[in-house]
Amino acid sequence: MSGISCVDLEGRVAVVTGASLGIGRAAAVAMGRAGAQVVVNYRSHAEQADEVVQAIRDAGSRAVAVQGDVSNRMDVENLIETAVREFGKVDIAISNAAYSDRELFFEADIEGFRRTVDVTMWGAFYLTRAAARSMIDHKVPGVIVLVSSPHAFIPAPRAMAYNMSKAAIEHMGRTAAIELAPFRIRLNMIQPGWTDTPGERKFASEETMMTAGKGIPLGRLGTAEEMAEGILFLCDPRHEYMTGATLLIDGGISLPWWAARGSAAPS
């Protein structure tokens, strides 16, 4: 809690997509503990979303859960409209919702491939657009955070749609940061490394995750709470000179292999 408690978001309103589980859940709770009023978006985990709302209320902040599929533009616009209706404005928008199937691209089910792009890329765009329009209309010098991934620059096999989507939102985010700067709206990105979340457990067993985690330079998987602190850092009003940046929190997983082994680079 020490890293979170020093950030003051009192009076601000935050919208977090994919907030019922994993990094989104931790980020929403962190926002509430920092004093923000939070709109908790979820698609299919209503009970878990209600738990997040209760945790935020227990921390002394207001919160509401809103069901919606981020791949649907109208759902995302309704999410922002609900935030304005409930709390009067949107100061912070965190695009966290994502989807991924893991298959070789030439064997992949095309519907699953499209679903990955629709949720991970288009969902981020829809939220960025809707939040920016609201901030501009209400003259709010807001903050938008896109949850990206080292997949944006590491061509991990069996994850082409996800890799493409994360690479796209990085360039989208930097472009948006330029266009939003005149309105005093900041947009930054965070790249969580391999993090222990329900989404990751879709692809690997407990044993696999723990064994693989030991191979990361820092020797373990990241936690959702650690990623939430990174998101909170990007939302901190004290960092108002930061925009168009990407924060990498990955335990060193994206470092070259010889760095992890402590040996010299190959010649």
# chains A, B, ... in the order shown; residues from 1 in each chain; ligands from 1
call {"tool": "select_by_dssp", "arguments": {"residues": "range 54-256 of chain A", "states": "alpha helix (DSSP H)", "output": "count of residues only"}}
result
84
call {"tool": "residues_around", "arguments": {"residues": "Arg158 in chain A", "least_positions_apart": "5", "cutoff": "9 Å", "atoms": "only C-alpha atoms", "output": "PDB file with N, CA and C atoms, in the first residue's frame"}}
result
ATOM      1  N   ASP A 101      -6.305 -15.493 -28.418  1.00  0.00           N
ATOM      2  CA  ASP A 101      -6.185 -16.925 -28.638  1.00  0.00           C
ATOM      3  C   ASP A 101      -4.735 -17.196 -29.016  1.00  0.00           C
ATOM      4  N   ARG A 102      -4.251 -18.380 -28.746  1.00  0.00           N
ATOM      5  CA  ARG A 102      -2.866 -18.709 -29.073  1.00  0.00           C
ATOM      6  C   ARG A 102      -2.850 -19.858 -30.078  1.00  0.00           C
ATOM      7  N   GLU A 103      -2.628 -19.512 -31.333  1.00  0.00           N
ATOM      8  CA  GLU A 103      -2.570 -20.489 -32.405  1.00  0.00           C
ATOM      9  C   GLU A 103      -1.604 -20.002 -33.467  1.00  0.00           C
ATOM     10  N   LEU A 104      -1.042 -20.924 -34.234  1.00  0.00           N
ATOM     11  CA  LEU A 104      -0.272 -20.545 -35.401  1.00  0.00           C
ATOM     12  C   LEU A 104      -1.177 -19.786 -36.360  1.00  0.00           C
ATOM     13  N   PHE A 105      -0.706 -18.680 -36.901  1.00  0.00           N
ATOM     14  CA  PHE A 105      -1.593 -17.820 -37.683  1.00  0.00           C
ATOM     15  C   PHE A 105      -2.189 -18.527 -38.892  1.00  0.00           C
ATOM     16  N   ALA A 108      -5.042 -20.641 -37.479  1.00  0.00           N
ATOM     17  CA  ALA A 108      -5.931 -19.977 -36.523  1.00  0.00           C
ATOM     18  C   ALA A 108      -7.372 -19.904 -37.020  1.00  0.00           C
TER      19      ALA A 108
END
call {"tool": "closest_residue", "arguments": {"among": "A:Arg73, A:Arg25, A:Arg133, A:Lys89", "to": "Ile185 in chain A", "atoms": "only C-alpha atoms"}}
result
A:Arg133
call {"tool": "residues_around", "arguments": {"residues": "range 117-129 of chain A", "least_positions_apart": "2", "cutoff": "8 Å", "atoms": "only C-alpha atoms", "output": "PyMOL selection string"}}
result
chain A and resi 69-73+76-77+93+95-99+113-115+131-133+144+146+161-162+164-166+168-169+172
call {"tool": "write_last_selection", "arguments": {"atoms": "N, CA and C atoms", "output": "compact mmCIF listing (two decimals), in the first residue's frame"}}
result
# COMPACT_ATOMS: atom_id res chain seq x y z
N ASP A 69 -19.20 -4.65 -23.87
CA ASP A 69 -18.15 -5.28 -24.68
C ASP A 69 -17.37 -4.17 -25.38
N VAL A 70 -16.09 -4.04 -25.09
CA VAL A 70 -15.33 -2.92 -25.63
C VAL A 70 -15.15 -3.00 -27.15
N SER A 71 -15.40 -4.16 -27.73
CA SER A 71 -15.33 -4.26 -29.19
C SER A 71 -16.55 -3.63 -29.86
N ASN A 72 -17.52 -3.24 -29.05
CA ASN A 72 -18.73 -2.58 -29.55
C ASN A 72 -18.63 -1.09 -29.23
N ARG A 73 -18.55 -0.27 -30.25
CA ARG A 73 -18.36 1.18 -30.04
C ARG A 73 -19.46 1.79 -29.21
N VAL A 76 -18.93 1.19 -25.54
CA VAL A 76 -17.87 2.02 -24.97
C VAL A 76 -18.36 3.45 -24.78
N GLU A 77 -19.08 3.96 -25.73
CA GLU A 77 -19.62 5.31 -25.59
C GLU A 77 -20.61 5.38 -24.43
N ALA A 93 -9.06 7.56 -18.08
CA ALA A 93 -9.58 6.39 -18.81
C ALA A 93 -8.45 5.39 -18.98
N SER A 95 -7.54 1.84 -20.64
CA SER A 95 -7.91 0.79 -21.59
C SER A 95 -7.12 -0.47 -21.26
N ASN A 96 -7.79 -1.41 -20.61
CA ASN A 96 -7.12 -2.63 -20.16
C ASN A 96 -7.69 -3.89 -20.82
N ALA A 97 -8.96 -3.87 -21.19
CA ALA A 97 -9.61 -5.08 -21.71
C ALA A 97 -8.86 -5.62 -22.92
N ALA A 98 -8.67 -6.93 -22.95
CA ALA A 98 -7.98 -7.57 -24.06
C ALA A 98 -8.50 -8.99 -24.23
N TYR A 99 -8.20 -9.57 -25.36
CA TYR A 99 -8.56 -10.95 -25.64
C TYR A 99 -7.45 -11.55 -26.48
N PHE A 113 -9.28 -14.91 -34.28
CA PHE A 113 -8.26 -13.94 -34.69
C PHE A 113 -8.87 -12.54 -34.74
N ARG A 114 -10.04 -12.44 -35.37
CA ARG A 114 -10.72 -11.14 -35.46
C ARG A 114 -11.17 -10.65 -34.09
N ARG A 115 -11.61 -11.56 -33.25
CA ARG A 115 -12.05 -11.18 -31.91
C ARG A 115 -10.89 -10.56 -31.13
N ALA A 131 -13.35 8.76 -24.60
CA ALA A 131 -12.86 9.48 -23.43
C ALA A 131 -12.32 10.85 -23.82
N ALA A 132 -11.57 10.90 -24.92
CA ALA A 132 -11.01 12.17 -25.37
C ALA A 132 -12.10 13.17 -25.71
N ARG A 133 -13.12 12.71 -26.41
CA ARG A 133 -14.22 13.60 -26.77
C ARG A 133 -14.91 14.16 -25.53
N ILE A 144 -5.23 9.43 -20.21
CA ILE A 144 -5.62 8.15 -20.81
C ILE A 144 -4.41 7.22 -20.73
N LEU A 146 -3.15 3.36 -21.91
CA LEU A 146 -3.38 2.14 -22.68
C LEU A 146 -2.50 1.03 -22.13
N ALA A 161 -2.24 -12.21 -33.76
CA ALA A 161 -3.30 -11.21 -33.64
C ALA A 161 -3.07 -10.30 -32.44
N TYR A 162 -2.64 -10.88 -31.34
CA TYR A 162 -2.35 -10.10 -30.14
C TYR A 162 -1.14 -9.21 -30.36
N MET A 164 0.00 -8.03 -33.20
CA MET A 164 -0.42 -6.96 -34.11
C MET A 164 -1.19 -5.88 -33.37
N SER A 165 -2.10 -6.31 -32.53
CA SER A 165 -2.98 -5.36 -31.83
C SER A 165 -2.20 -4.49 -30.86
N LYS A 166 -1.29 -5.10 -30.11
CA LYS A 166 -0.51 -4.32 -29.15
C LYS A 166 0.44 -3.36 -29.87
N ALA A 168 -0.13 -2.01 -32.72
CA ALA A 168 -1.00 -0.96 -33.27
C ALA A 168 -1.36 0.08 -32.23
N ILE A 169 -1.71 -0.37 -31.01
CA ILE A 169 -2.13 0.62 -30.02
C ILE A 169 -0.96 1.48 -29.54
N MET A 172 -0.87 4.07 -32.24
CA MET A 172 -2.11 4.83 -32.06
C MET A 172 -1.97 5.78 -30.87
call {"tool": "residues_around", "arguments": {"residues": "Pro182 in chain A", "least_positions_apart": "3", "cutoff": "12 Å", "atoms": "only C-alpha atoms", "output": "count of residues only"}}
result
13
call {"tool": "atom_distance", "arguments": {"atom1": "CA of Ala167 in chain A", "atom2": "CA of Leu187 in chain A"}}
result
15.8 Å
call {"tool": "closest_residue", "arguments": {"among": "A:Met209, A:Leu218, A:Ile190, A:Ala204", "to": "Ile249 in chain A", "atoms": "only C-alpha atoms"}}
result
A:Ile190
call {"tool": "closest_residue", "arguments": {"among": "A:His151, A:Arg33, A:Arg184, A:Lys214", "to": "Asp91 in chain A", "atoms": "only C-alpha atoms"}}
result
A:Arg184
call {"tool": "select_by_dssp", "arguments": {"residues": "range 53-171 of chain A", "states": "strand (DSSP E or B)", "output": "list in words"}}
result
Ala63, Val64, Ala65, Val66, Gln67, Ile92, Ala93, Ile94, Ser95, Val143, Ile144, Val145, Leu146 and Val147 of chain A
call {"tool": "residues_around", "arguments": {"residues": "range 52-67 of chain A", "least_positions_apart": "3", "cutoff": "6 Å", "atoms": "only C-alpha atoms", "output": "list in words"}}
result
Val29, Gly32, Arg33, Gly35, Gln37, Val38, Val39, Val40, Asn41, Tyr42, Arg43 and Ala49 of chain A
call {"tool": "atom_distance", "arguments": {"atom1": "CA of Gly173 in chain A", "atom2": "CA of Ser148 in chain A"}}
result
9.8 Å
call {"tool": "closest_residue", "arguments": {"among": "A:Met135, A:Met31, A:Met160, A:Val15", "to": "Leu79 in chain A", "atoms": "only C-alpha atoms"}}
result
A:Val15
call {"tool": "residues_around", "arguments": {"residues": "Met227 in chain A", "least_positions_apart": "2", "cutoff": "12 Å", "atoms": "only C-alpha atoms", "output": "JSON, numbers by chain"}}
result
{"A": [3, 4, 22, 23, 24, 25, 26, 27, 28, 30, 96, 147, 148, 149, 189, 190, 191, 192, 193, 194, 195, 196, 197, 221, 222, 223, 224, 225, 229, 230, 231, 232, 233, 234, 247, 248, 249, 250, 251]}
call {"tool": "atom_distance", "arguments": {"atom1": "CA of Val16 in chain A", "atom2": "CA of Ile92 in chain A"}}
result
8.3 Å
call {"tool": "decode", "arguments": {"residues": "range 29-164 of chain A", "atoms": "C-alpha atoms", "output": "short mmCIF file (atom, residue, chain, number, x, y, z; two decimals), in the first residue's frame"}}
result
data_model
loop_
_atom_site.label_atom_id
_atom_site.label_comp_id
_atom_site.auth_asym_id
_atom_site.auth_seq_id
_atom_site.Cartn_x
_atom_site.Cartn_y
_atom_site.Cartn_z
CA VAL A 29 -9.12 -0.84 -6.73
CA ALA A 30 -5.91 1.20 -6.71
CA MET A 31 -7.77 4.14 -8.24
CA GLY A 32 -10.42 3.93 -5.54
CA ARG A 33 -7.85 3.72 -2.76
CA ALA A 34 -6.18 6.82 -4.19
CA GLY A 35 -9.48 8.69 -3.88
CA ALA A 36 -10.95 8.44 -7.38
CA GLN A 37 -14.53 7.59 -8.17
CA VAL A 38 -14.44 4.57 -10.45
CA VAL A 39 -16.52 3.13 -13.26
CA VAL A 40 -15.80 -0.61 -13.32
CA ASN A 41 -16.35 -2.08 -16.76
CA TYR A 42 -16.84 -5.80 -17.29
CA ARG A 43 -18.20 -8.02 -20.03
CA SER A 44 -19.09 -11.36 -18.45
CA HIS A 45 -17.91 -11.49 -14.83
CA ALA A 46 -20.66 -9.61 -13.04
CA GLU A 47 -20.04 -11.10 -9.62
CA GLN A 48 -16.34 -10.24 -9.72
CA ALA A 49 -17.14 -6.71 -10.91
CA ASP A 50 -19.45 -6.27 -7.93
CA GLU A 51 -16.59 -7.37 -5.67
CA VAL A 52 -14.39 -4.66 -7.17
CA VAL A 53 -17.10 -2.05 -6.63
CA GLN A 54 -17.42 -3.12 -3.00
CA ALA A 55 -13.65 -2.99 -2.46
CA ILE A 56 -13.60 0.56 -3.79
CA ARG A 57 -16.51 1.56 -1.57
CA ASP A 58 -14.78 -0.04 1.41
CA ALA A 59 -11.82 2.22 0.65
CA GLY A 60 -14.10 5.24 0.95
CA SER A 61 -14.69 6.04 -2.73
CA ARG A 62 -17.72 5.75 -4.97
CA ALA A 63 -17.97 3.18 -7.73
CA VAL A 64 -20.40 1.66 -10.20
CA ALA A 65 -20.16 -1.43 -12.41
CA VAL A 66 -21.11 -1.14 -16.08
CA GLN A 67 -21.47 -4.15 -18.37
CA GLY A 68 -20.24 -3.72 -21.92
CA ASP A 69 -18.15 -5.28 -24.68
CA VAL A 70 -15.33 -2.92 -25.63
CA SER A 71 -15.33 -4.26 -29.19
CA ASN A 72 -18.73 -2.58 -29.55
CA ARG A 73 -18.36 1.18 -30.04
CA MET A 74 -21.81 1.94 -28.67
CA ASP A 75 -21.04 0.00 -25.48
CA VAL A 76 -17.87 2.02 -24.97
CA GLU A 77 -19.62 5.31 -25.59
CA ASN A 78 -22.30 4.26 -23.10
CA LEU A 79 -19.54 3.53 -20.59
CA ILE A 80 -18.24 7.10 -20.83
CA GLU A 81 -21.75 8.56 -20.81
CA THR A 82 -22.55 6.58 -17.67
CA ALA A 83 -19.45 7.96 -15.97
CA VAL A 84 -20.52 11.53 -16.81
CA ARG A 85 -24.09 10.88 -15.72
CA GLU A 86 -23.06 9.26 -12.43
CA PHE A 87 -20.05 11.38 -11.49
CA GLY A 88 -20.16 14.46 -13.73
CA LYS A 89 -17.05 13.95 -15.87
CA VAL A 90 -14.21 11.63 -16.87
CA ASP A 91 -10.68 12.52 -15.73
CA ILE A 92 -8.97 9.16 -16.27
CA ALA A 93 -9.58 6.39 -18.81
CA ILE A 94 -7.67 3.12 -18.61
CA SER A 95 -7.91 0.79 -21.59
CA ASN A 96 -7.12 -2.63 -20.16
CA ALA A 97 -9.61 -5.08 -21.71
CA ALA A 98 -7.98 -7.57 -24.06
CA TYR A 99 -8.56 -10.95 -25.64
CA SER A 100 -6.17 -13.48 -27.13
CA ASP A 101 -6.18 -16.92 -28.64
CA ARG A 102 -2.87 -18.71 -29.07
CA GLU A 103 -2.57 -20.49 -32.41
CA LEU A 104 -0.27 -20.54 -35.40
CA PHE A 105 -1.59 -17.82 -37.68
CA PHE A 106 -1.96 -20.14 -40.67
CA GLU A 107 -4.08 -22.55 -38.63
CA ALA A 108 -5.93 -19.98 -36.52
CA ASP A 109 -9.69 -19.80 -36.36
CA ILE A 110 -10.36 -16.55 -38.19
CA GLU A 111 -13.22 -15.58 -35.87
CA GLY A 112 -10.96 -15.88 -32.83
CA PHE A 113 -8.26 -13.94 -34.69
CA ARG A 114 -10.72 -11.14 -35.46
CA ARG A 115 -12.05 -11.18 -31.91
CA THR A 116 -8.54 -10.58 -30.60
CA VAL A 117 -8.09 -7.56 -32.86
CA ASP A 118 -11.61 -6.25 -32.20
CA VAL A 119 -11.20 -6.31 -28.41
CA THR A 120 -7.52 -5.52 -28.04
CA MET A 121 -7.04 -2.91 -30.77
CA TRP A 122 -10.46 -1.52 -31.63
CA GLY A 123 -11.54 -1.59 -27.99
CA ALA A 124 -8.55 0.59 -27.08
CA PHE A 125 -9.35 2.96 -29.93
CA TYR A 126 -13.03 3.24 -29.01
CA LEU A 127 -12.20 4.08 -25.40
CA THR A 128 -9.48 6.56 -26.37
CA ARG A 129 -11.84 8.31 -28.77
CA ALA A 130 -14.87 8.40 -26.47
CA ALA A 131 -12.86 9.48 -23.43
CA ALA A 132 -11.01 12.17 -25.37
CA ARG A 133 -14.22 13.60 -26.77
CA SER A 134 -15.74 13.76 -23.29
CA MET A 135 -12.63 15.38 -21.82
CA ILE A 136 -12.55 17.96 -24.59
CA ASP A 137 -16.27 18.72 -24.27
CA HIS A 138 -16.01 19.16 -20.50
CA LYS A 139 -12.64 20.94 -20.67
CA VAL A 140 -11.01 18.31 -18.48
CA PRO A 141 -7.19 18.05 -18.62
CA GLY A 142 -7.45 14.29 -18.40
CA VAL A 143 -5.26 11.21 -18.58
CA ILE A 144 -5.62 8.15 -20.81
CA VAL A 145 -3.58 5.00 -20.20
CA LEU A 146 -3.38 2.14 -22.68
CA VAL A 147 -2.33 -1.22 -21.29
CA SER A 148 0.02 -2.54 -23.95
CA SER A 149 2.52 -5.40 -23.76
CA PRO A 150 6.06 -6.42 -24.72
CA HIS A 151 4.17 -8.31 -27.45
CA ALA A 152 4.11 -4.90 -29.17
CA PHE A 153 7.77 -5.42 -30.12
CA ILE A 154 8.45 -9.13 -29.43
CA PRO A 155 7.06 -11.36 -32.23
CA ALA A 156 5.93 -14.11 -29.86
CA PRO A 157 4.85 -17.15 -31.89
CA ARG A 158 1.23 -18.32 -31.78
CA ALA A 159 0.08 -14.82 -30.86
CA MET A 160 0.07 -12.92 -34.14
CA ALA A 161 -3.30 -11.21 -33.64
CA TYR A 162 -2.35 -10.10 -30.14
CA ASN A 163 1.12 -8.97 -31.26
CA MET A 164 -0.42 -6.96 -34.11
#
